[in-house]
Amino acid sequence: MKKQVFLLCIGFLLIVCPLCAQEQVVSLRAQDGWDLSAVYRPAGEGQKTVVLLHDIGKNHKAFQSFIDRLTSRGIGYLALDLRGHGGSTRQGVYSAFAKEGVDNDYNKMTRDVNAAMEFLKGKNINPADIVLIGVGMGANVAAKSTSLWPEVGGLALITPVTNFRDVLPIPALRVYKGLVFIAAASDDKKTFLEASVMRNVAFLSTGEGNITFATAYDKKGHELLDAWVAPELVQWLLTPKRPDISPDIVEIQEEVPGNYTPVEASATEEALVPSVLL
C-alpha cells in the first residue's frame with residue numbers, strides 16, 4: 001500500500017512539475033537506420049525545448065555546463081550524440097566519414113535532427129516552441145536542418161562556418177524566417193568574418209529585430225559557449241525577440257503671436273555663458 005502511494009506521489013510530481021523529472025537517456029532511430037543516443041529533460045510550464053548539437057569529436061556531455069543553466073531556468077532539452085560520436089557509434093565512427101560530398105554522413109546528420117524532432121513531436125511539443133542550438137559542426141547541421149523543419153521557433157549557431165565538410169548553412173539561412181542567434185569570437189578572423197556573412201544573410205531573410213549577433217574576445221566552439229556566450233544565450237531563449245524601439249519624437253511648439261515681455265539675462269548668467277547670451 002505504501003509503495004502504491006509513493007508511486008502515485010511521484011507520478012503526480014512529474015505531471016505538475018516537469019522540472020522535478022530526471023534526465024532520461026533515450027534511443028532514437030534515424031530514417032537511414034542509424035541508432036542514436038540522447039538525453040532528454042522536459043521543459044517547465046511555458047518554457048522552450050532546445051535540441052543540442054555538439055561539435056566534431058565531442059558528444060552531448062560537452063554541453064553539461066550549459067545544460068545546468070537550462071535546467072535552472074526550466075528550459076527543456078534533448079542533447080544528441082550525433083552519428084559517429086559518443087553513444088551513437090554502432091554503425092561507425094566519424095573519423096571514417098567522407099569529408100567531401102553533399103551526401104556524406106556529415107550532411108546526413110540532418111536525419112539525426114529529424115529523428116530528434118520526431119521524438120519531441122511525439123511528446124506533443126510544438127515545433128514553434130523548439131530551438132535548434134549547434135556548436136561548430138553542430139551549428140552547420142542545425143542551420144541546414146531548418147530546411148527540413150522551417151517551423152522551428154529559433155536557431156542558435158555558435159562559431160558556424162560557411163562550409164564544414166560540405167555541410168553548407170547559407171542556403172537554408174536564405175529562406176529561414178525564424179529567430180536567429182549567432183556567436184563568434186573576433187580573434188579568429190576567418191570564422192568571425194564567415195559568421196558575420198551568415199548574420200547578414202539571415203538578416204535579409206528574417207528582418208530587423210530577429211537577429212542577435214554575439215561577439216567575444218577569444219575561444220570558439222564549446223569553450224566560447226561556456227566562457228562567454230552562455231548567459232546571453234539563455235537570456236535570448238527566454239526573450240529572443242528584441243522589442244520594437246520607437247524613435248524619439250520631439251514636439252515643436254509653434255510660436256503664438258501675442259504680447260510678451262522678454263526677460264533679461266541676469267549678471268550671473270552673463271558671466272557663465274556670455275557667448276550664448278550676446
# chains A, B, ... in the order shown; residues from 1 in each chain; ligands from 1

$ residues_around --residues "Glu194 (chain A)" --least-positions-apart "6" --cutoff "8 Å" --atoms "only C-alpha atoms" --output "VMD selection string"
chain A and resid 160 to 162

$ select_by_dssp --residues "region 151-195 of chain A" --states "strand (DSSP E)" --output "PyMOL selection string"
chain A and resi 154-158+179-185

$ residues_around --residues "Lys144 (chain A)" --least-positions-apart "3" --cutoff "6 Å" --atoms "only C-alpha atoms" --output "JSON, numbers by chain"
{"A": [141, 147, 169, 172]}

$ write_last_selection --atoms "C-alpha atoms" --output "tab-separated table (two decimals), in the first residue's frame"
chain	number	residue	atom	x	y	z
A	141	VAL	CA	23.98	20.85	-39.14
A	147	SER	CA	15.30	23.29	-44.49
A	169	PRO	CA	24.38	26.59	-43.82
A	172	ALA	CA	19.00	27.35	-45.51

$ atom_distance --atom1 "CA of Gly101 (chain A)" --atom2 "CA of Thr146 (chain A)"
19.8 Å

$ closest_residue --among "A:Val152, A:Ile211, A:Leu53, A:Ala115" --to "Asn140 (chain A)" --atoms "only C-alpha atoms"
A:Leu53

$ closest_residue --among "A:Glu151, A:Asp226, A:Asp35, A:Asp218" --to "Thr89 (chain A)" --atoms "only C-alpha atoms"
A:Asp35

$ select_by_dssp --residues "region 4-159 of chain A" --states "helix (DSSP H, G or I)" --output "PyMOL selection string"
chain A and resi 4-16+18-20+60-72+94-96+109-122+127-129+137-145
